[in-house]
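Trainee: Sharing query.txt (compact mmCIF, C-alpha atoms) below.
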# COMPACT_ATOMS: atom_id res chain seq x y z
CA MET N 1 -19.57 -36.80 26.07
CA SER N 2 -19.51 -40.52 26.89
CA LEU N 3 -20.33 -43.12 24.26
CA ARG N 4 -23.47 -44.04 26.20
CA HIS N 5 -24.73 -40.46 26.28
CA LEU N 6 -23.69 -39.98 22.67
CA ALA N 7 -25.73 -42.98 21.55
CA THR N 8 -28.77 -41.64 23.44
CA ALA N 9 -28.43 -38.15 21.98
CA ILE N 10 -28.20 -39.51 18.45
CA LEU N 11 -31.26 -41.75 18.67
CA CYS N 12 -33.33 -38.93 17.20
CA ALA N 13 -31.04 -38.99 14.16
CA VAL N 14 -32.07 -42.56 13.42
CA LEU N 15 -35.68 -41.48 13.52
CA LEU N 16 -34.86 -38.58 11.18
CA THR N 17 -33.35 -40.95 8.63
CA VAL N 18 -36.18 -43.45 8.84
CA THR N 19 -38.83 -40.72 8.64
CA LEU N 20 -37.32 -39.28 5.47
CA VAL N 21 -37.20 -42.69 3.84
CA ALA N 22 -40.71 -43.56 4.93
CA ARG N 23 -42.07 -40.40 3.33
CA SER N 24 -40.62 -41.52 0.03
CA HIS N 25 -41.80 -45.14 0.33
CA PRO N 26 -44.84 -45.26 2.68
CA SER N 27 -45.62 -48.83 1.65
CA ARG N 28 -42.08 -50.17 2.19
CA GLN N 29 -40.76 -48.89 5.49
CA THR N 30 -37.50 -50.60 6.47
CA ALA N 31 -35.58 -49.02 9.31
CA ALA N 32 -32.00 -47.98 8.71
CA ARG N 33 -29.56 -49.74 11.01
CA LEU N 34 -27.23 -47.41 12.88
CA SER N 35 -23.69 -48.68 13.49
CA THR N 36 -22.44 -48.30 17.05
CA PRO N 37 -19.37 -46.36 18.19
CA ASN N 38 -17.74 -49.63 19.24
CA GLU N 39 -18.34 -51.15 15.80
CA ILE N 40 -16.63 -48.14 14.24
CA LYS N 41 -13.76 -48.42 16.71
CA ALA N 42 -13.24 -52.09 15.89
CA GLU N 43 -12.46 -51.26 12.25
CA PHE N 44 -9.15 -49.70 13.29
CA THR N 45 -7.65 -52.78 14.94
CA ASN N 46 -6.32 -54.01 11.60
CA VAL N 47 -5.66 -51.12 9.20
CA PRO N 48 -3.97 -52.08 5.89
CA CYS N 49 -0.73 -50.08 5.95
CA ARG N 50 0.57 -50.94 2.47
CA ASP N 51 -0.93 -49.13 -0.49
CA GLU N 52 -0.98 -52.32 -2.55
CA ASP N 53 -3.23 -53.97 0.08
CA ARG N 54 -5.83 -51.22 0.27
CA MET N 55 -8.16 -52.17 -2.57
CA ALA N 56 -8.54 -55.76 -1.38
CA ALA N 57 -9.11 -54.50 2.18
CA VAL N 58 -11.85 -52.13 1.00
CA GLN N 59 -13.59 -54.99 -0.81
CA ALA N 60 -13.32 -57.18 2.28
CA LEU N 61 -14.78 -54.44 4.50
CA PHE N 62 -17.82 -53.89 2.29
CA LYS N 63 -18.42 -57.64 2.06
CA LYS N 64 -18.18 -57.97 5.83
CA LEU N 65 -20.84 -55.28 6.11
CA GLY N 66 -23.22 -57.05 3.75
CA ALA N 67 -22.25 -56.29 0.15
CA THR N 68 -22.29 -59.17 -2.31
CA ASP N 69 -20.06 -59.72 -5.33
CA ALA N 70 -22.97 -58.52 -7.46
CA ASP N 71 -23.07 -55.22 -5.55
CA LEU N 72 -19.36 -54.53 -6.08
CA SER N 73 -17.69 -53.34 -9.24
CA ILE N 74 -14.32 -51.88 -10.13
CA ASP N 75 -14.45 -48.93 -12.48
CA HIS N 76 -11.27 -49.15 -14.52
CA HIS N 77 -9.86 -45.95 -15.94
CA LYS N 78 -6.48 -45.34 -17.50
CA GLY N 79 -4.06 -45.66 -14.60
CA VAL N 80 -6.60 -45.78 -11.77
CA ASP N 81 -9.28 -48.08 -10.32
CA ASN N 82 -12.32 -46.93 -8.33
CA LEU N 83 -14.38 -49.40 -6.32
CA ILE N 84 -18.13 -48.77 -6.56
CA VAL N 85 -20.93 -50.29 -4.50
CA ARG N 86 -24.26 -49.43 -6.07
CA LYS N 87 -27.61 -49.24 -4.31
CA SER N 88 -30.37 -48.61 -6.82
CA GLY N 89 -33.20 -46.19 -6.14
CA THR N 90 -36.58 -45.64 -7.75
CA ASP N 91 -35.90 -42.21 -9.31
CA ASN N 92 -33.41 -40.98 -11.91
CA GLY N 93 -31.27 -39.08 -9.42
CA THR N 94 -27.87 -40.27 -8.20
CA ILE N 95 -25.96 -39.44 -5.02
CA VAL N 96 -22.26 -40.22 -4.62
CA ILE N 97 -20.70 -40.75 -1.21
CA GLY N 98 -17.01 -41.47 -1.38
CA ALA N 99 -13.58 -41.55 0.20
CA HIS N 100 -10.17 -42.24 -1.24
CA TYR N 101 -8.54 -45.53 -0.32
CA ASP N 102 -4.96 -44.80 -1.39
CA LYS N 103 -2.23 -43.44 0.87
CA VAL N 104 1.16 -41.82 0.66
CA SER N 105 4.29 -43.88 1.25
CA ALA N 106 4.85 -42.60 4.80
CA GLY N 107 2.79 -43.87 7.70
CA CYS N 108 -0.17 -46.22 7.76
CA GLY N 109 -2.76 -43.98 6.15
CA ALA N 110 -5.05 -44.65 9.09
CA VAL N 111 -6.40 -41.13 9.48
CA ASP N 112 -5.84 -40.27 5.80
CA ASN N 113 -7.95 -41.99 4.74
CA TRP N 114 -8.94 -45.33 6.22
CA THR N 115 -11.26 -43.33 8.47
CA GLY N 116 -13.14 -42.12 5.39
CA ILE N 117 -13.40 -45.64 3.97
CA VAL N 118 -14.79 -46.92 7.28
CA ALA N 119 -17.39 -44.13 7.42
CA VAL N 120 -18.54 -44.74 3.83
CA ALA N 121 -18.71 -48.52 4.32
CA HIS N 122 -20.79 -48.15 7.47
CA ALA N 123 -23.09 -45.68 5.70
CA TYR N 124 -23.64 -48.46 3.14
CA ALA N 125 -24.35 -50.98 5.90
CA SER N 126 -26.90 -48.61 7.42
CA LEU N 127 -28.82 -48.10 4.18
CA LYS N 128 -28.36 -51.31 2.22
CA ASP N 129 -31.79 -52.67 3.19
CA THR N 130 -33.60 -49.31 3.26
CA PRO N 131 -35.62 -48.25 0.18
CA LEU N 132 -34.33 -44.96 -1.26
CA ARG N 133 -35.58 -42.67 -3.99
CA LYS N 134 -32.19 -42.01 -5.52
CA THR N 135 -29.46 -44.40 -6.56
CA VAL N 136 -26.50 -44.14 -4.21
CA LEU N 137 -22.96 -44.90 -5.35
CA PHE N 138 -20.61 -45.72 -2.47
CA VAL N 139 -17.20 -45.08 -4.02
CA ALA N 140 -13.62 -45.76 -2.93
CA PHE N 141 -11.48 -43.49 -5.09
CA GLY N 142 -7.97 -44.37 -6.19
CA LYS N 143 -4.94 -42.08 -6.46
CA GLU N 144 -6.38 -39.09 -4.65
CA GLU N 145 -2.92 -38.42 -3.28
CA ARG N 146 -1.58 -38.06 -6.82
CA GLY N 147 -3.95 -35.27 -7.77
CA LEU N 148 -7.57 -36.45 -7.33
CA VAL N 149 -7.02 -38.89 -10.18
CA GLY N 150 -9.83 -41.34 -9.37
CA SER N 151 -12.55 -38.77 -8.77
CA ARG N 152 -11.56 -36.74 -11.84
CA ALA N 153 -11.70 -39.91 -13.95
CA MET N 154 -15.19 -40.65 -12.67
CA VAL N 155 -16.66 -37.22 -13.46
CA ASN N 156 -14.82 -36.92 -16.77
CA ALA N 157 -16.59 -40.11 -17.90
CA LEU N 158 -19.98 -38.39 -17.47
CA ASP N 159 -21.59 -36.47 -20.32
CA LYS N 160 -23.67 -33.34 -19.72
CA GLU N 161 -26.96 -35.23 -19.65
CA GLN N 162 -25.68 -37.74 -17.09
CA SER N 163 -24.28 -34.95 -14.92
CA LYS N 164 -27.75 -33.40 -14.60
CA HIS N 165 -28.91 -36.49 -12.72
CA TYR N 166 -26.04 -36.38 -10.21
CA CYS N 167 -27.72 -34.60 -7.31
CA ALA N 168 -24.80 -34.31 -4.87
CA MET N 169 -21.48 -35.78 -3.82
CA ILE N 170 -20.51 -36.29 -0.16
CA ASN N 171 -16.79 -36.82 0.37
CA ILE N 172 -15.21 -38.02 3.61
CA ASP N 173 -11.50 -37.45 4.12
CA SER N 174 -9.43 -37.75 7.29
CA LEU N 175 -11.68 -38.08 10.32
CA GLY N 176 -10.68 -38.90 13.86
CA LEU N 177 -8.43 -36.05 15.05
CA ALA N 178 -11.33 -33.75 15.97
CA ALA N 179 -15.10 -33.47 15.65
CA PRO N 180 -16.55 -33.21 12.13
CA GLN N 181 -15.80 -30.09 10.13
CA ILE N 182 -16.52 -28.93 6.61
CA MET N 183 -13.62 -28.19 4.28
CA ASP N 184 -14.95 -24.87 3.05
CA ASN N 185 -12.46 -24.54 0.20
CA ALA N 186 -13.74 -27.82 -1.32
CA SER N 187 -17.48 -27.63 -0.58
CA SER N 188 -20.61 -26.17 -2.19
CA ASN N 189 -22.46 -23.48 -0.24
CA LYS N 190 -25.89 -25.12 -0.08
CA LEU N 191 -24.50 -28.48 1.09
CA THR N 192 -22.36 -26.68 3.66
CA LYS N 193 -25.46 -24.97 5.04
CA LEU N 194 -27.31 -28.31 5.08
CA ALA N 195 -24.48 -29.94 7.03
CA GLY N 196 -24.59 -27.22 9.68
CA ASN N 197 -28.36 -27.46 10.05
CA LEU N 198 -28.29 -31.23 10.37
CA ALA N 199 -25.44 -31.16 12.89
CA GLU N 200 -27.54 -28.86 15.04
CA THR N 201 -30.59 -31.11 14.63
CA ILE N 202 -28.80 -34.30 15.64
CA LYS N 203 -26.78 -32.46 18.30
CA ILE N 204 -23.22 -33.19 17.26
CA PRO N 205 -20.26 -30.77 17.33
CA PHE N 206 -19.64 -29.03 14.04
CA SER N 207 -17.37 -26.34 12.61
CA HIS N 208 -15.71 -25.08 9.43
CA ALA N 209 -12.08 -25.08 8.33
CA ILE N 210 -10.23 -23.86 5.28
CA LEU N 211 -7.29 -26.21 4.82
CA GLY N 212 -4.73 -24.13 2.99
CA GLY N 213 -2.71 -26.05 0.43
CA ALA N 214 -5.07 -29.05 0.58
CA ASP N 215 -7.70 -30.29 -1.83
CA ALA N 216 -10.19 -33.16 -1.86
CA ASP N 217 -12.18 -35.37 -4.21
CA SER N 218 -15.25 -33.17 -3.81
CA SER N 219 -13.49 -30.54 -5.93
CA SER N 220 -13.60 -32.86 -8.96
CA PHE N 221 -17.40 -32.88 -8.80
CA ILE N 222 -17.73 -29.15 -8.13
CA ASP N 223 -15.56 -28.46 -11.16
CA HIS N 224 -18.02 -30.57 -13.17
CA GLY N 225 -21.06 -28.61 -11.94
CA ILE N 226 -22.17 -31.21 -9.35
CA PRO N 227 -22.77 -29.97 -5.77
CA ALA N 228 -20.26 -31.57 -3.41
CA ILE N 229 -18.91 -31.34 0.11
CA THR N 230 -15.96 -32.69 2.09
CA ILE N 231 -16.43 -33.72 5.71
CA HIS N 232 -13.16 -34.04 7.62
CA GLY N 233 -12.07 -34.14 11.25
CA VAL N 234 -8.55 -32.76 11.58
CA ASN N 235 -7.07 -30.52 14.26
CA PRO N 236 -4.57 -27.64 14.00
CA ASN N 237 -1.70 -30.15 14.12
CA TRP N 238 -2.86 -32.08 11.07
CA LYS N 239 0.21 -31.25 9.00
CA SER N 240 2.41 -33.01 11.55
CA ILE N 241 0.36 -36.23 11.27
CA LEU N 242 -1.09 -36.57 7.77
CA HIS N 243 1.41 -37.68 5.12
CA THR N 244 3.94 -38.56 7.82
CA SER N 245 5.04 -41.66 9.71
CA TYR N 246 2.76 -40.53 12.57
CA ASP N 247 -0.42 -41.34 10.64
CA GLN N 248 -1.13 -44.48 12.66
CA PRO N 249 -4.28 -46.14 14.06
CA GLN N 250 -3.51 -45.05 17.62
CA ARG N 251 -3.95 -41.42 16.55
CA ILE N 252 -7.62 -41.98 15.80
CA ASN N 253 -10.43 -41.01 18.15
CA ALA N 254 -13.10 -43.45 17.02
CA GLU N 255 -15.86 -41.38 18.61
CA ASP N 256 -15.02 -38.53 16.22
CA VAL N 257 -15.10 -40.95 13.27
CA TYR N 258 -18.53 -42.09 14.45
CA LEU N 259 -19.76 -38.49 14.46
CA GLY N 260 -18.51 -37.99 10.91
CA TYR N 261 -20.30 -41.14 9.79
CA ARG N 262 -23.53 -39.94 11.45
CA LEU N 263 -23.35 -36.53 9.78
CA ALA N 264 -22.77 -38.10 6.37
CA LEU N 265 -25.66 -40.53 6.90
CA ALA N 266 -28.03 -37.71 7.86
CA MET N 267 -26.96 -35.76 4.76
CA LEU N 268 -27.61 -38.77 2.54
CA ALA N 269 -31.12 -39.10 3.93
CA ARG N 270 -31.89 -35.41 3.41
CA VAL N 271 -30.50 -35.27 -0.13
CA ASP N 272 -32.42 -38.44 -1.01
CA ALA N 273 -35.66 -36.85 0.14
CA ALA N 274 -35.10 -33.57 -1.73
CA ASP N 275 -35.46 -32.71 -5.39
CA CYS N 276 -32.30 -33.50 -7.32
CA GLY N 277 -31.62 -29.84 -8.08
CA ALA N 278 -32.20 -28.61 -4.55
CA PHE N 279 -28.52 -28.12 -3.74
CA ARG N 280 -27.27 -26.69 -7.03
Can the structure from this file be put into structure tokens for me?

Mentor:
Amino acid sequence: MSLRHLATAILCAVLLTVTLVARSHPSRQTAARLSTPNEIKAEFTNVPCRDEDRMAAVQALFKKLGATDADLSIDHHKGVDNLIVRKSGTDNGTIVIGAHYDKVSAGCGAVDNWTGIVAVAHAYASLKDTPLRKTVLFVAFGKEERGLVGSRAMVNALDKEQSKHYCAMINIDSLGLAAPQIMDNASSNKLTKLAGNLAETIKIPFSHAILGGADADSSSFIDHGIPAITIHGVNPNWKSILHTSYDQPQRINAEDVYLGYRLALAMLARVDAADCGAFR
């Protein structure tokens, strides 16, 4: 499908997002802004290839897309830092959408996981001026490659009462090698079903994959009793690219990253409109 036809087919998805928000705030209707495929593609012209440069690059990307210093915070835990961009809602519920910003020593970490950071940042840009019911935390997790350290630190800091108000977590990890898929071995059943239904509604390709030997930051939330899902976009050759010197920007199909961003954005809108316990 061409980018032109893709943009036309997805127009209804914008209306879906705006309609859901408008139902929650009939007196304050502000349309979500949908990033374009070319805007997504442009984010891969200058990927930070050194792990020590990633945090600063994530901050710069969110600021470029409209976040202020007041919106950004760094959640310091022992041995790991998570970057959080907070958008407050009107209800008690909280949604987390995140991606890890760290990389392994080999390669550029373009697919794994600058693609996820780009998708999360553009989801923020789409919703930053749109009234939402629930507070949304856009999170860049540290040290995922060392054992989900950042995401585990975040959930371990929550007590049982706080956890009840965390409605769902949407994780994005390694887009751009294929159309969006759900990592079944790191995703909750109800969110997986929601993702499939929304993909059909907004007419984007969608499938499932169990990635043997792999895990993702969504697992940290599932282990804590919070519904979570990982959206990825890898192909059968992923083991020959991820965590190798071949993980470079030229490997990325930006159109597939765009589709992952759209699916995540549609899921955010639906979870925001639902009761907090709907996906437990």

Trainee: Quick one: contact table of region 33-108 of chain N to region 159-167 of chain N, 10 Å max, nearest atom pair and distance in Å to one decimal per residue, counting all atoms listed in the file, chain and number order, as a Markdown table?

Mentor:
| residue | atom | partner | partner_atom | distance |
| --- | --- | --- | --- | --- |
| N:Asp91 | CA | N:His165 | CA | 9.7 |
| N:Asn92 | CA | N:His165 | CA | 6.4 |
| N:Gly93 | CA | N:His165 | CA | 4.8 |
| N:Thr94 | CA | N:Tyr166 | CA | 4.7 |
| N:Ile95 | CA | N:Cys167 | CA | 5.6 |
| N:Val96 | CA | N:Tyr166 | CA | 7.8 |

Trainee: Report, in Å to a single decimal, how far apart CA of Ile84 (chain N) and CA of Val139 (chain N) are.

Mentor: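 About the pair CA of Val139 (chain N) and CA of Ile84 (chain N): they are 4.6 Å apart.
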
Trainee: Using only C-alpha atoms for the distances, tell me which of N:Asp184, N:Leu175, N:Ile210, N:Leu65 is nearest to Leu127 (chain N).

Mentor: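 Checking each candidate against Leu127 (chain N), we get N:Leu65 as the closest.
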
Trainee: From the set N:Thr230, N:Thr115, N:Ser188, N:Asn171, which residue has the shortest atom-to-atom contact distance to Gly98 (chain N), counting all atoms listed in the file?

Mentor: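 Going through N:Thr230, N:Thr115, N:Ser188, N:Asn171 one by one, the smallest distance to Gly98 (chain N) is for N:Asn171.
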
Trainee: I'd like the interatomic distance between CA of Ala254 (chain N) and CA of Leu177 (chain N), to a tenth of an Å.

Mentor: 9.0 Å

Trainee: Write out as a VMD selection string the residues lying within 10 Å of Pro48 (chain N), counting all atoms listed in the file and excluding same-chain residues fewer than 3 positions away.

Mentor: chain N and resid 44 to 45 51 to 58 108 to 110 114

Trainee: Counting only C-alpha atoms, which residue out of N:Ala186, N:Ile231, N:Ile202, N:Val111 sits closest to Ser245 (chain N)?

Mentor: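 The answer is N:Val111, which sits nearest to Ser245 (chain N).
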
Trainee: Enumerate, as a list in words, the protein, DNA and RNA residues whose atoms approach (-5.7, -40.0, -18.0) to within 10 Å, taking into account all atoms listed in the file and the coordinate frame of the file.

Mentor: His77, Lys78, Gly79, Val80, Val149, Gly150, Arg152, Ala153 and Asn156 of chain N

Trainee: Kindly list the centre and edge lengths in Å, rounded to one decimal, for the axis-aligned box that covers all listed atoms of region 215-224 of chain N plus 5 Å on each of its six sides, as lines of an AutoDock Vina configuration file.

Mentor:
center_x = -12.9
center_y = -31.9
center_z = -7.5
size_x = 20.3
size_y = 16.9
size_z = 21.3

Trainee: Given only C-alpha atoms as the basis, pick out the residue of N:Arg50, N:His76, N:Lys239, N:His208 nearest to Gly107 (chain N).

Mentor: N:Arg50

Trainee: Give as a count of residues only each residue that has an atom at most 9 Å from (1.0, -33.8, 2.2) in the file, counting only C-alpha atoms.

Mentor: 8

Trainee: I want to know what sits within 10 Å of Glu43 (chain N), based on all atoms listed in the file, with residues of the same chain fewer than 2 positions away left out; could you give that as a PyMOL selection string?

Mentor: chain N and resi 38-41+45-47+61+114-115+118-119+249+254

Trainee: Tell me, as a compact mmCIF listing (two decimals) with C-alpha atoms, keeping the file's coordinate frame, which residues lie within 12 Å of region 192-196 of chain N, counting only C-alpha atoms; anything in the same chain fewer than 5 positions away does not count.

Mentor:
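What ended up in selection_25.txt:
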# COMPACT_ATOMS: atom_id res chain seq x y z
CA ALA N 168 -24.80 -34.31 -4.87
CA MET N 169 -21.48 -35.78 -3.82
CA ILE N 170 -20.51 -36.29 -0.16
CA PRO N 180 -16.55 -33.21 12.13
CA GLN N 181 -15.80 -30.09 10.13
CA ILE N 182 -16.52 -28.93 6.61
CA MET N 183 -13.62 -28.19 4.28
CA ASP N 184 -14.95 -24.87 3.05
CA ASN N 185 -12.46 -24.54 0.20
CA ALA N 186 -13.74 -27.82 -1.32
CA SER N 187 -17.48 -27.63 -0.58
CA THR N 201 -30.59 -31.11 14.63
CA ILE N 202 -28.80 -34.30 15.64
CA LYS N 203 -26.78 -32.46 18.30
CA ILE N 204 -23.22 -33.19 17.26
CA PRO N 205 -20.26 -30.77 17.33
CA PHE N 206 -19.64 -29.03 14.04
CA SER N 207 -17.37 -26.34 12.61
CA HIS N 208 -15.71 -25.08 9.43
CA ALA N 209 -12.08 -25.08 8.33
CA PRO N 227 -22.77 -29.97 -5.77
CA ALA N 228 -20.26 -31.57 -3.41
CA ILE N 229 -18.91 -31.34 0.11
CA THR N 230 -15.96 -32.69 2.09
CA ILE N 231 -16.43 -33.72 5.71
CA GLY N 260 -18.51 -37.99 10.91
CA ARG N 262 -23.53 -39.94 11.45
CA LEU N 263 -23.35 -36.53 9.78
CA ALA N 264 -22.77 -38.10 6.37
CA LEU N 265 -25.66 -40.53 6.90
CA ALA N 266 -28.03 -37.71 7.86
CA MET N 267 -26.96 -35.76 4.76
CA LEU N 268 -27.61 -38.77 2.54
CA ALA N 269 -31.12 -39.10 3.93
CA ARG N 270 -31.89 -35.41 3.41
CA VAL N 271 -30.50 -35.27 -0.13
CA ALA N 274 -35.10 -33.57 -1.73
CA ALA N 278 -32.20 -28.61 -4.55
CA PHE N 279 -28.52 -28.12 -3.74
CA ARG N 280 -27.27 -26.69 -7.03

Trainee: Looking at all atoms listed in the file, which of N:Asn82, N:Ser105, N:Ser126, N:Asn113 is the one that sits closest to Thr36 (chain N)?

Mentor: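 Among the listed residues, the smallest separation from Thr36 (chain N) belongs to N:Ser126.
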
Trainee: What does the structure give for the distance between CA of Ile226 (chain N) and CA of Asp69 (chain N), in Å to one decimal?

Mentor: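 Separation of CA of Ile226 (chain N) and CA of Asp69 (chain N): 28.9 Å.
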
Trainee: Taking into account only C-alpha atoms, which residue in the set N:Lys87, N:His100, N:Lys143, N:His232 is nearest to Pro131 (chain N)?

Mentor: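 Answer, going by the shortest atom-to-atom distance: N:Lys87.
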